[in-house]
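Text of entry.cif (mmCIF, C-alpha atoms and all ligand atoms) as supplied:
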```cif
data_final
#
loop_
_atom_site.group_PDB
_atom_site.id
_atom_site.type_symbol
_atom_site.label_atom_id
_atom_site.label_comp_id
_atom_site.auth_asym_id
_atom_site.auth_seq_id
_atom_site.Cartn_x
_atom_site.Cartn_y
_atom_site.Cartn_z
ATOM 1 C CA MET A 1 0.000 0.000 0.000
ATOM 2 C CA ILE A 2 1.049 3.584 -0.633
ATOM 3 C CA ASP A 3 2.036 6.027 2.075
ATOM 4 C CA MET A 4 0.456 9.282 0.903
ATOM 5 C CA LYS A 5 2.777 11.787 2.596
ATOM 6 C CA PRO A 6 4.912 13.683 0.042
ATOM 7 C CA SER A 7 8.477 12.382 0.037
ATOM 8 C CA SER A 8 9.843 15.950 0.175
ATOM 9 C CA MET A 9 8.950 16.177 3.882
ATOM 10 C CA ASN A 10 11.546 16.030 6.683
ATOM 11 C CA GLN A 11 13.473 12.927 7.571
ATOM 12 C CA PRO A 12 11.163 10.535 9.387
ATOM 13 C CA VAL A 13 11.465 10.312 13.158
ATOM 14 C CA ILE A 14 10.269 6.705 13.013
ATOM 15 C CA ALA A 15 10.601 4.461 9.961
ATOM 16 C CA LEU A 16 9.398 0.859 9.756
ATOM 17 C CA ARG A 17 10.812 -1.037 6.789
ATOM 18 C CA GLU A 18 9.217 -4.361 5.930
ATOM 19 C CA VAL A 19 8.786 -5.108 9.601
ATOM 20 C CA SER A 20 7.012 -8.292 10.667
ATOM 21 C CA LYS A 21 6.395 -10.022 13.972
ATOM 22 C CA THR A 22 5.384 -13.573 14.751
ATOM 23 C CA TYR A 23 4.437 -14.988 18.147
ATOM 24 C CA GLU A 24 4.360 -18.748 18.479
ATOM 25 C CA LYS A 25 3.947 -19.324 14.717
ATOM 26 C CA HIS A 26 1.142 -16.741 14.606
ATOM 27 C CA THR A 27 2.100 -13.736 12.457
ATOM 28 C CA VAL A 28 0.616 -10.730 14.218
ATOM 29 C CA ILE A 29 2.334 -8.092 12.038
ATOM 30 C CA HIS A 30 2.729 -8.867 8.342
ATOM 31 C CA PRO A 31 5.580 -7.076 6.517
ATOM 32 C CA THR A 32 4.780 -3.410 7.025
ATOM 33 C CA SER A 33 6.472 -0.162 5.986
ATOM 34 C CA PHE A 34 5.513 3.354 6.966
ATOM 35 C CA SER A 35 7.019 6.369 8.633
ATOM 36 C CA VAL A 36 6.188 9.083 11.142
ATOM 37 C CA GLN A 37 7.511 12.594 10.494
ATOM 38 C CA LYS A 38 8.890 15.031 13.050
ATOM 39 C CA GLY A 39 6.155 16.927 14.847
ATOM 40 C CA ASP A 40 3.402 14.625 13.578
ATOM 41 C CA MET A 41 0.377 13.684 15.615
ATOM 42 C CA PHE A 42 0.144 10.153 14.260
ATOM 43 C CA GLY A 43 -2.812 7.901 15.092
ATOM 44 C CA MET A 44 -2.974 4.115 14.972
ATOM 45 C CA LEU A 45 -6.511 2.885 14.505
ATOM 46 C CA GLY A 46 -7.761 -0.674 14.264
ATOM 47 C CA PRO A 47 -9.982 -3.268 15.913
ATOM 48 C CA SER A 48 -8.929 -5.059 19.049
ATOM 49 C CA GLY A 49 -6.136 -7.515 18.252
ATOM 50 C CA SER A 50 -5.244 -5.853 14.929
ATOM 51 C CA GLY A 51 -1.661 -5.221 16.090
ATOM 52 C CA LYS A 52 -1.590 -1.603 17.289
ATOM 53 C CA THR A 53 0.237 -2.280 20.564
ATOM 54 C CA THR A 54 2.707 -4.641 18.892
ATOM 55 C CA THR A 55 3.432 -2.027 16.219
ATOM 56 C CA ILE A 56 4.142 0.748 18.717
ATOM 57 C CA LYS A 57 6.338 -1.585 20.781
ATOM 58 C CA LEU A 58 8.312 -2.277 17.580
ATOM 59 C CA MET A 59 8.529 1.494 16.946
ATOM 60 C CA ILE A 60 10.308 2.085 20.250
ATOM 61 C CA GLY A 61 12.391 -1.091 20.408
ATOM 62 C CA MET A 62 10.436 -2.828 23.177
ATOM 63 C CA GLU A 63 9.816 -5.670 20.743
ATOM 64 C CA GLN A 64 12.205 -6.808 18.054
ATOM 65 C CA PRO A 65 10.957 -7.541 14.545
ATOM 66 C CA ASP A 66 11.459 -10.981 12.993
ATOM 67 C CA THR A 67 12.067 -9.375 9.613
ATOM 68 C CA GLY A 68 12.817 -5.834 8.507
ATOM 69 C CA GLU A 69 14.138 -2.969 10.563
ATOM 70 C CA VAL A 70 12.987 -0.012 12.602
ATOM 71 C CA ILE A 71 14.905 3.267 12.496
ATOM 72 C CA THR A 72 13.868 5.667 15.248
ATOM 73 C CA LEU A 73 15.498 9.061 15.817
ATOM 74 C CA GLY A 74 18.039 8.129 13.164
ATOM 75 C CA THR A 75 19.175 4.914 14.880
ATOM 76 C CA LYS A 76 18.430 1.270 14.192
ATOM 77 C CA LEU A 77 16.555 -0.283 17.112
ATOM 78 C CA PRO A 78 16.859 -1.675 19.694
ATOM 79 C CA ASN A 79 18.999 1.038 21.245
ATOM 80 C CA LEU A 80 18.922 2.095 24.888
ATOM 81 C CA GLN A 81 19.955 5.712 24.237
ATOM 82 C CA VAL A 82 17.072 6.120 21.807
ATOM 83 C CA PHE A 83 14.646 4.489 24.243
ATOM 84 C CA GLN A 84 15.610 7.142 26.799
ATOM 85 C CA ARG A 85 14.566 9.884 24.370
ATOM 86 C CA ILE A 86 11.073 8.414 24.074
ATOM 87 C CA GLY A 87 8.123 8.787 26.441
ATOM 88 C CA TYR A 88 6.019 5.621 26.505
ATOM 89 C CA MET A 89 2.655 5.188 28.152
ATOM 90 C CA ALA A 90 1.538 1.569 28.147
ATOM 91 C CA GLN A 91 -2.073 0.403 28.031
ATOM 92 C CA SER A 92 -2.075 -0.673 31.659
ATOM 93 C CA ASP A 93 -0.683 1.655 34.285
ATOM 94 C CA ALA A 94 2.576 0.513 35.883
ATOM 95 C CA LEU A 95 2.144 2.327 39.200
ATOM 96 C CA TYR A 96 2.938 1.369 42.799
ATOM 97 C CA HIS A 97 -0.414 1.424 44.561
ATOM 98 C CA GLU A 98 0.851 1.833 48.110
ATOM 99 C CA LEU A 99 2.956 4.862 47.208
ATOM 100 C CA SER A 100 1.675 8.394 46.721
ATOM 101 C CA ALA A 101 1.500 10.008 43.301
ATOM 102 C CA TYR A 102 4.565 12.078 44.180
ATOM 103 C CA GLU A 103 6.529 9.030 45.352
ATOM 104 C CA ASN A 104 5.637 7.184 42.153
ATOM 105 C CA ILE A 105 6.703 10.016 39.908
ATOM 106 C CA ASP A 106 9.858 10.615 41.953
ATOM 107 C CA PHE A 107 10.789 6.934 41.510
ATOM 108 C CA PHE A 108 10.391 7.124 37.722
ATOM 109 C CA ALA A 109 12.220 10.471 37.580
ATOM 110 C CA SER A 110 15.218 8.816 39.267
ATOM 111 C CA LEU A 111 14.989 5.910 36.803
ATOM 112 C CA TYR A 112 15.192 8.440 33.969
ATOM 113 C CA GLY A 113 18.303 9.836 35.629
ATOM 114 C CA LEU A 114 16.785 13.194 36.624
ATOM 115 C CA LYS A 115 18.456 14.810 39.628
ATOM 116 C CA GLY A 116 18.290 17.705 42.088
ATOM 117 C CA ALA A 117 16.498 20.940 41.265
ATOM 118 C CA TYR A 118 15.784 19.895 37.662
ATOM 119 C CA LYS A 119 14.065 16.718 38.883
ATOM 120 C CA LYS A 120 11.864 18.703 41.293
ATOM 121 C CA GLU A 121 11.045 21.239 38.612
ATOM 122 C CA ARG A 122 10.045 18.556 36.092
ATOM 123 C CA ILE A 123 7.896 16.670 38.630
ATOM 124 C CA GLN A 124 6.092 19.901 39.493
ATOM 125 C CA ALA A 125 5.639 20.805 35.813
ATOM 126 C CA VAL A 126 4.187 17.464 34.690
ATOM 127 C CA LEU A 127 1.896 17.097 37.711
ATOM 128 C CA GLU A 128 0.576 20.567 36.969
ATOM 129 C CA LEU A 129 0.150 19.736 33.285
ATOM 130 C CA VAL A 130 -2.149 16.809 34.054
ATOM 131 C CA ASN A 131 -3.920 18.647 36.893
ATOM 132 C CA LEU A 132 -2.718 16.314 39.624
ATOM 133 C CA LEU A 133 -0.735 18.726 41.767
ATOM 134 C CA PRO A 134 -3.495 18.931 44.415
ATOM 135 C CA HIS A 135 -3.494 15.107 44.652
ATOM 136 C CA ALA A 136 0.261 14.559 44.762
ATOM 137 C CA LYS A 137 0.260 13.242 48.342
ATOM 138 C CA LYS A 138 -2.578 10.739 47.858
ATOM 139 C CA PRO A 139 -1.752 7.040 47.600
ATOM 140 C CA ILE A 140 -2.536 5.563 44.208
ATOM 141 C CA HIS A 141 -5.070 3.098 45.612
ATOM 142 C CA GLN A 142 -7.277 6.150 46.240
ATOM 143 C CA PHE A 143 -6.965 7.295 42.621
ATOM 144 C CA SER A 144 -9.698 6.863 40.010
ATOM 145 C CA GLY A 145 -8.878 5.158 36.693
ATOM 146 C CA GLY A 146 -8.674 8.555 34.982
ATOM 147 C CA MET A 147 -6.290 9.930 37.609
ATOM 148 C CA LYS A 148 -4.024 6.891 37.133
ATOM 149 C CA ARG A 149 -4.010 7.416 33.354
ATOM 150 C CA ARG A 150 -3.118 11.080 33.860
ATOM 151 C CA LEU A 151 -0.311 10.161 36.253
ATOM 152 C CA SER A 152 1.029 7.656 33.712
ATOM 153 C CA LEU A 153 0.985 10.401 31.095
ATOM 154 C CA ALA A 154 2.844 12.721 33.488
ATOM 155 C CA ILE A 155 5.502 10.016 33.995
ATOM 156 C CA ALA A 156 5.905 9.574 30.228
ATOM 157 C CA LEU A 157 6.527 13.337 29.944
ATOM 158 C CA LEU A 158 9.043 13.673 32.796
ATOM 159 C CA HIS A 159 12.218 13.606 30.724
ATOM 160 C CA GLU A 160 10.874 15.950 28.011
ATOM 161 C CA PRO A 161 10.920 13.214 25.355
ATOM 162 C CA GLU A 162 11.216 14.118 21.682
ATOM 163 C CA VAL A 163 8.853 11.293 20.828
ATOM 164 C CA LEU A 164 5.781 10.392 22.837
ATOM 165 C CA VAL A 165 4.129 7.007 22.261
ATOM 166 C CA LEU A 166 0.791 6.503 23.966
ATOM 167 C CA ASP A 167 -1.236 3.296 24.009
ATOM 168 C CA GLU A 168 -4.910 4.237 24.363
ATOM 169 C CA PRO A 169 -4.245 7.145 26.714
ATOM 170 C CA THR A 170 -7.897 8.016 27.194
ATOM 171 C CA VAL A 171 -9.493 4.608 27.784
ATOM 172 C CA GLY A 172 -11.853 4.792 30.740
ATOM 173 C CA ILE A 173 -11.620 8.561 30.920
ATOM 174 C CA ASP A 174 -14.683 10.818 30.924
ATOM 175 C CA PRO A 175 -15.219 13.263 28.024
ATOM 176 C CA VAL A 176 -14.058 16.341 29.960
ATOM 177 C CA LEU A 177 -10.777 14.751 30.992
ATOM 178 C CA ARG A 178 -10.384 13.264 27.551
ATOM 179 C CA GLN A 179 -10.578 16.766 26.115
ATOM 180 C CA SER A 180 -8.020 18.042 28.615
ATOM 181 C CA ILE A 181 -5.588 15.228 27.734
ATOM 182 C CA TRP A 182 -5.960 16.020 24.037
ATOM 183 C CA LYS A 183 -5.405 19.699 24.758
ATOM 184 C CA THR A 184 -2.149 18.755 26.511
ATOM 185 C CA LEU A 185 -1.122 16.536 23.585
ATOM 186 C CA ASN A 186 -1.827 19.317 21.094
ATOM 187 C CA GLU A 187 0.263 21.754 23.153
ATOM 188 C CA LEU A 188 3.158 19.279 23.233
ATOM 189 C CA LYS A 189 2.838 18.828 19.508
ATOM 190 C CA MET A 190 2.929 22.608 18.992
ATOM 191 C CA ASN A 191 6.222 22.571 20.890
ATOM 192 C CA GLY A 192 7.670 20.054 18.426
ATOM 193 C CA THR A 193 7.050 16.719 20.169
ATOM 194 C CA THR A 194 6.272 13.868 17.777
ATOM 195 C CA ILE A 195 3.282 11.912 19.083
ATOM 196 C CA VAL A 196 2.070 8.431 18.198
ATOM 197 C CA VAL A 197 -1.215 7.431 19.760
ATOM 198 C CA THR A 198 -3.377 4.332 19.491
ATOM 199 C CA THR A 199 -7.107 4.799 19.800
ATOM 200 C CA HIS A 200 -10.461 3.192 19.217
ATOM 201 C CA VAL A 201 -12.172 6.576 19.275
ATOM 202 C CA MET A 202 -12.942 8.107 15.877
ATOM 203 C CA ASP A 203 -13.065 11.735 17.004
ATOM 204 C CA GLU A 204 -9.594 11.284 18.504
ATOM 205 C CA ALA A 205 -8.355 9.833 15.229
ATOM 206 C CA GLU A 206 -9.821 12.936 13.502
ATOM 207 C CA GLN A 207 -7.471 15.093 15.578
ATOM 208 C CA CYS A 208 -4.416 13.297 14.197
ATOM 209 C CA GLU A 209 -2.624 14.675 11.165
ATOM 210 C CA ARG A 210 -2.032 11.204 9.831
ATOM 211 C CA ILE A 211 -3.541 7.852 10.639
ATOM 212 C CA ALA A 212 -2.495 4.276 10.039
ATOM 213 C CA LEU A 213 -5.400 1.853 9.763
ATOM 214 C CA LEU A 214 -4.607 -1.696 10.832
ATOM 215 C CA ARG A 215 -6.540 -4.884 10.372
ATOM 216 C CA ASP A 216 -5.422 -8.438 11.175
ATOM 217 C CA GLY A 217 -1.810 -7.311 11.475
ATOM 218 C CA ARG A 218 -1.834 -5.573 8.099
ATOM 219 C CA LEU A 219 -1.492 -1.904 7.361
ATOM 220 C CA ILE A 220 -4.502 -1.167 5.200
ATOM 221 C CA ALA A 221 -4.178 2.609 4.767
ATOM 222 C CA VAL A 222 -2.065 5.569 5.828
ATOM 223 C CA GLY A 223 -2.981 9.207 5.293
ATOM 224 C CA SER A 224 -4.584 12.288 6.763
ATOM 225 C CA PRO A 225 -8.230 11.929 7.842
ATOM 226 C CA ASP A 226 -9.297 14.050 4.822
ATOM 227 C CA GLU A 227 -7.156 12.072 2.375
ATOM 228 C CA LEU A 228 -8.632 8.819 3.627
ATOM 229 C CA LYS A 229 -12.190 10.167 3.465
ATOM 230 C CA ASP A 230 -11.710 11.621 -0.046
ATOM 231 C CA GLN A 231 -10.047 8.483 -1.314
ATOM 232 C CA HIS A 232 -12.958 6.349 -0.145
ATOM 233 C CA GLN A 233 -15.734 8.870 -0.771
ATOM 234 C CA ALA A 234 -16.722 8.616 2.852
ATOM 235 C CA LYS A 235 -18.265 11.310 5.024
ATOM 236 C CA SER A 236 -16.540 10.186 8.191
ATOM 237 C CA LEU A 237 -13.515 8.217 9.307
ATOM 238 C CA GLU A 238 -15.896 5.694 10.794
ATOM 239 C CA GLU A 239 -17.257 5.071 7.298
ATOM 240 C CA VAL A 240 -13.714 4.654 5.934
ATOM 241 C CA PHE A 241 -12.940 2.272 8.706
ATOM 242 C CA ILE A 242 -16.084 0.218 8.184
ATOM 243 C CA GLN A 243 -15.378 0.026 4.426
ATOM 244 C CA PHE A 244 -11.879 -1.260 5.148
ATOM 245 C CA SER A 245 -12.826 -3.650 7.874
ATOM 246 C CA GLY A 246 -15.807 -5.165 6.125
ATOM 247 C CA GLY A 247 -18.168 -4.115 8.897
ATOM 248 C CA ALA A 248 -15.890 -4.826 11.853
ATOM 249 C CA ARG A 249 -15.882 -2.102 14.494
ATOM 250 C CA ALA A 250 -12.940 -0.446 16.209
HETATM 251 N N1 LIG A 301 3.541 -11.406 23.811
HETATM 252 C C1 LIG A 301 2.642 -11.978 23.013
HETATM 253 N N2 LIG A 301 2.608 -13.308 22.837
HETATM 254 C C2 LIG A 301 1.728 -13.891 22.003
HETATM 255 N N3 LIG A 301 0.781 -13.213 21.298
HETATM 256 C C3 LIG A 301 0.766 -11.874 21.446
HETATM 257 C C4 LIG A 301 1.664 -11.182 22.309
HETATM 258 N N4 LIG A 301 1.394 -9.853 22.227
HETATM 259 C C5 LIG A 301 0.361 -9.728 21.378
HETATM 260 N N5 LIG A 301 -0.019 -10.931 20.904
HETATM 261 C C6 LIG A 301 -1.094 -11.177 19.923
HETATM 262 O O1 LIG A 301 -0.865 -10.312 18.840
HETATM 263 C C7 LIG A 301 -2.099 -9.836 18.288
HETATM 264 C C8 LIG A 301 -2.078 -8.329 18.230
HETATM 265 O O2 LIG A 301 -2.094 -7.839 19.579
HETATM 266 P P1 LIG A 301 -1.979 -6.288 19.907
HETATM 267 O O3 LIG A 301 -1.994 -6.159 21.394
HETATM 268 O O4 LIG A 301 -0.840 -5.715 19.171
HETATM 269 O O5 LIG A 301 -3.346 -5.727 19.286
HETATM 270 P P2 LIG A 301 -4.089 -4.342 19.519
HETATM 271 O O6 LIG A 301 -4.558 -3.880 18.188
HETATM 272 O O7 LIG A 301 -3.206 -3.417 20.275
HETATM 273 O O8 LIG A 301 -5.332 -4.763 20.418
HETATM 274 P P3 LIG A 301 -6.178 -3.917 21.512
HETATM 275 O O9 LIG A 301 -6.871 -2.816 20.771
HETATM 276 O O10 LIG A 301 -7.132 -4.936 22.068
HETATM 277 O O11 LIG A 301 -5.177 -3.421 22.520
HETATM 278 C C9 LIG A 301 -3.201 -10.420 19.151
HETATM 279 O O12 LIG A 301 -3.688 -11.572 18.501
HETATM 280 C C10 LIG A 301 -2.478 -10.789 20.433
HETATM 281 O O13 LIG A 301 -3.115 -11.881 21.063
#
```
Let's see the structure in the file written out as structure tokens.
Amino acid sequence: MIDMKPSSMNQPVIALREVSKTYEKHTVIHPTSFSVQKGDMFGMLGPSGSGKTTTIKLMIGMEQPDTGEVITLGTKLPNLQVFQRIGYMAQSDALYHELSAYENIDFFASLYGLKGAYKKERIQAVLELVNLLPHAKKPIHQFSGGMKRRLSLAIALLHEPEVLVLDEPTVGIDPVLRQSIWKTLNELKMNGTTIVVTTHVMDEAEQCERIALLRDGRLIAVGSPDELKDQHQAKSLEEVFIQFSGGARA
């Protein structure tokens, strides 16, 4: 399939070249090539099990491809230095429930190698960004699902990553919070952060500049929401998606 972004654009921040992945004889990603440009808000859309999480893990070097190669931030993965320049928010929150929000974030800040006044400043900044400063002293077991997601986002942002990779950041979050997370993402994007986000939500996909549609481990389309709609004479992304997935729903 054809990647519709003009080739005259910047060097890609992430490039997958004929990448495939097989688990226990089951091919979950068929040979796939596409790229993400600097400063993109790039969405990955597809039904459950279509391979979104596997693809983003390949993009950051958390999984290794069986064929092909992934070049991220100009380096072939896996590479620890590159991994440290990426902010990753997994689908399930990896938080310590007995510790407070502050203690959790402080632990991850130390893991990222942040120290002294800069560490304190960053913790303050990211907690403020996700509106959790007033709850910093609360233990996580008193947090709602949405608060945990926001804390996970704050942790992914601690080290001011150039690339932010978010696996369904707004699952289980009410519409108001969802909007505030997207506002934060758009602000980060305006400041030059490249963002890759998986979602099942069509109006979130609409906010992305480019989208990759996945089905059964195959990349079935890449383009801007308007390009995809025009190409398939569809009024909405949902229609495009339904056309591609033969009626299956995201
Ligand atoms: N570590 C693993 N071992 C074996 N199979 C795996 C592993 N990780 C993922 N899979 C399989 O790979 C396929 C794609 O999974 P993946 O999590 O990438 O899909 P997804 O599109 O992110 O799904 P969802 O929207 O439900 O999160 C699924 O069939 C899944 O069962």
Please return the centre and edge lengths, in Å to one decimal, of a box with edges along x, y and z that contains all listed atoms of ligand LIG 301 (chain A), widened by 3 Å on every side, as AutoDock Vina command-line options.
```
--center_x -1.8 --center_y -8.4 --center_z 21.0 --size_x 16.7 --size_y 17.1 --size_z 11.6
```
Go through the chains and note each residue within 9 Å of ligand LIG 301 (chain A), using only C-alpha atoms and all ligand atoms, then give the set as a short mmCIF file (atom, residue, chain, number, x, y, z; two decimals) with C-alpha atoms, keeping the file's coordinate frame.
```cif
data_model
loop_
_atom_site.label_atom_id
_atom_site.label_comp_id
_atom_site.auth_asym_id
_atom_site.auth_seq_id
_atom_site.Cartn_x
_atom_site.Cartn_y
_atom_site.Cartn_z
CA LYS A 21 6.40 -10.02 13.97
CA THR A 22 5.38 -13.57 14.75
CA TYR A 23 4.44 -14.99 18.15
CA GLU A 24 4.36 -18.75 18.48
CA HIS A 26 1.14 -16.74 14.61
CA THR A 27 2.10 -13.74 12.46
CA VAL A 28 0.62 -10.73 14.22
CA ILE A 29 2.33 -8.09 12.04
CA MET A 44 -2.97 4.12 14.97
CA LEU A 45 -6.51 2.88 14.50
CA GLY A 46 -7.76 -0.67 14.26
CA PRO A 47 -9.98 -3.27 15.91
CA SER A 48 -8.93 -5.06 19.05
CA GLY A 49 -6.14 -7.52 18.25
CA SER A 50 -5.24 -5.85 14.93
CA GLY A 51 -1.66 -5.22 16.09
CA LYS A 52 -1.59 -1.60 17.29
CA THR A 53 0.24 -2.28 20.56
CA THR A 54 2.71 -4.64 18.89
CA THR A 55 3.43 -2.03 16.22
CA ILE A 56 4.14 0.75 18.72
CA LYS A 57 6.34 -1.58 20.78
CA GLN A 91 -2.07 0.40 28.03
CA ASP A 167 -1.24 3.30 24.01
CA GLU A 168 -4.91 4.24 24.36
CA THR A 198 -3.38 4.33 19.49
CA THR A 199 -7.11 4.80 19.80
CA HIS A 200 -10.46 3.19 19.22
CA LEU A 214 -4.61 -1.70 10.83
CA ARG A 215 -6.54 -4.88 10.37
CA ASP A 216 -5.42 -8.44 11.18
CA GLY A 217 -1.81 -7.31 11.48
CA ALA A 250 -12.94 -0.45 16.21
#
```
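Put simply, the PyMOL selection byres (((chain A and resi 155) around 8) and not hetatm) in this file takes in Ile105, Phe108, Ala109, Val126, Leu151, Ser152, Leu153, Ala154, Ala156, Leu157 and Leu158 of chain A.
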>> Expand the PyMOL selection byres (((chain A and resi 176-182) around 9) and not hetatm) into the explicit residue set it covers here, and present it as a PyMOL selection string.
In response: chain A and resi 130+146+150+153+169-171+173-175+183-187+204+207
> How many Å separate atom CA of A:Glu162 from atom CA of A:Leu237?
Replying inline: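 For atom CA of A:Glu162 relative to atom CA of A:Leu237, the distance reads 28.3 Å.
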> For A:Thr67, which residue among A:Pro139, A:Pro12, A:Gly39, A:Pro31 is the nearest when counting only C-alpha atoms?
Replying inline: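 Result for the nearest residue to A:Thr67: A:Pro31.
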> Nearest to A:Arg210 among A:Pro225, A:Phe107, A:Ser33, A:Thr75, with distances taken over only C-alpha atoms: which residue is it?
Replying inline: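 Residue with the minimum atom-to-atom distance to A:Arg210: A:Pro225.
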> Which residues match the PyMOL selection byres (((chain A and resi 77) around 12) and not hetatm) in the file above, as JSON, numbers by chain?
Replying inline: {"A": [14, 15, 16, 17, 19, 57, 58, 59, 60, 61, 62, 63, 64, 65, 68, 69, 70, 71, 72, 73, 74, 75, 76, 78, 79, 80, 81, 82, 83]}
Saved selection, atoms kept: C-alpha atoms, as a short mmCIF file (atom, residue, chain, number, x, y, z; two decimals), in the frame of the given file:
```cif
data_model
loop_
_atom_site.label_atom_id
_atom_site.label_comp_id
_atom_site.auth_asym_id
_atom_site.auth_seq_id
_atom_site.Cartn_x
_atom_site.Cartn_y
_atom_site.Cartn_z
CA ILE A 14 10.27 6.70 13.01
CA ALA A 15 10.60 4.46 9.96
CA LEU A 16 9.40 0.86 9.76
CA ARG A 17 10.81 -1.04 6.79
CA VAL A 19 8.79 -5.11 9.60
CA LYS A 57 6.34 -1.58 20.78
CA LEU A 58 8.31 -2.28 17.58
CA MET A 59 8.53 1.49 16.95
CA ILE A 60 10.31 2.08 20.25
CA GLY A 61 12.39 -1.09 20.41
CA MET A 62 10.44 -2.83 23.18
CA GLU A 63 9.82 -5.67 20.74
CA GLN A 64 12.20 -6.81 18.05
CA PRO A 65 10.96 -7.54 14.54
CA GLY A 68 12.82 -5.83 8.51
CA GLU A 69 14.14 -2.97 10.56
CA VAL A 70 12.99 -0.01 12.60
CA ILE A 71 14.90 3.27 12.50
CA THR A 72 13.87 5.67 15.25
CA LEU A 73 15.50 9.06 15.82
CA GLY A 74 18.04 8.13 13.16
CA THR A 75 19.18 4.91 14.88
CA LYS A 76 18.43 1.27 14.19
CA PRO A 78 16.86 -1.68 19.69
CA ASN A 79 19.00 1.04 21.24
CA LEU A 80 18.92 2.10 24.89
CA GLN A 81 19.95 5.71 24.24
CA VAL A 82 17.07 6.12 21.81
CA PHE A 83 14.65 4.49 24.24
#
```
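Among the candidate residues A:Leu132, A:Ala212, A:Ile123, A:Ala234, the one lying nearest to A:Phe42 is A:Ala212, with distances computed using only C-alpha atoms.
Relative to atom CA of A:Val196, atom CA of A:Tyr96 is found at 25.6 Å.
Between atom CA of A:Leu127 and atom CA of A:Met41 the separation is 22.4 Å.
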> So, counting only C-alpha atoms, which residue among A:Glu238, A:Ser92, A:Lys119, A:Glu160 is closest to A:Val201?
Replying inline: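 Closest to A:Val201, using only C-alpha atoms: A:Glu238.
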> Of the candidates A:His159, A:Met202, A:Gln11, A:Ala125, which shows the shortest atom-to-atom distance to A:Leu111, using all atoms listed in the file?
Replying inline: A:His159
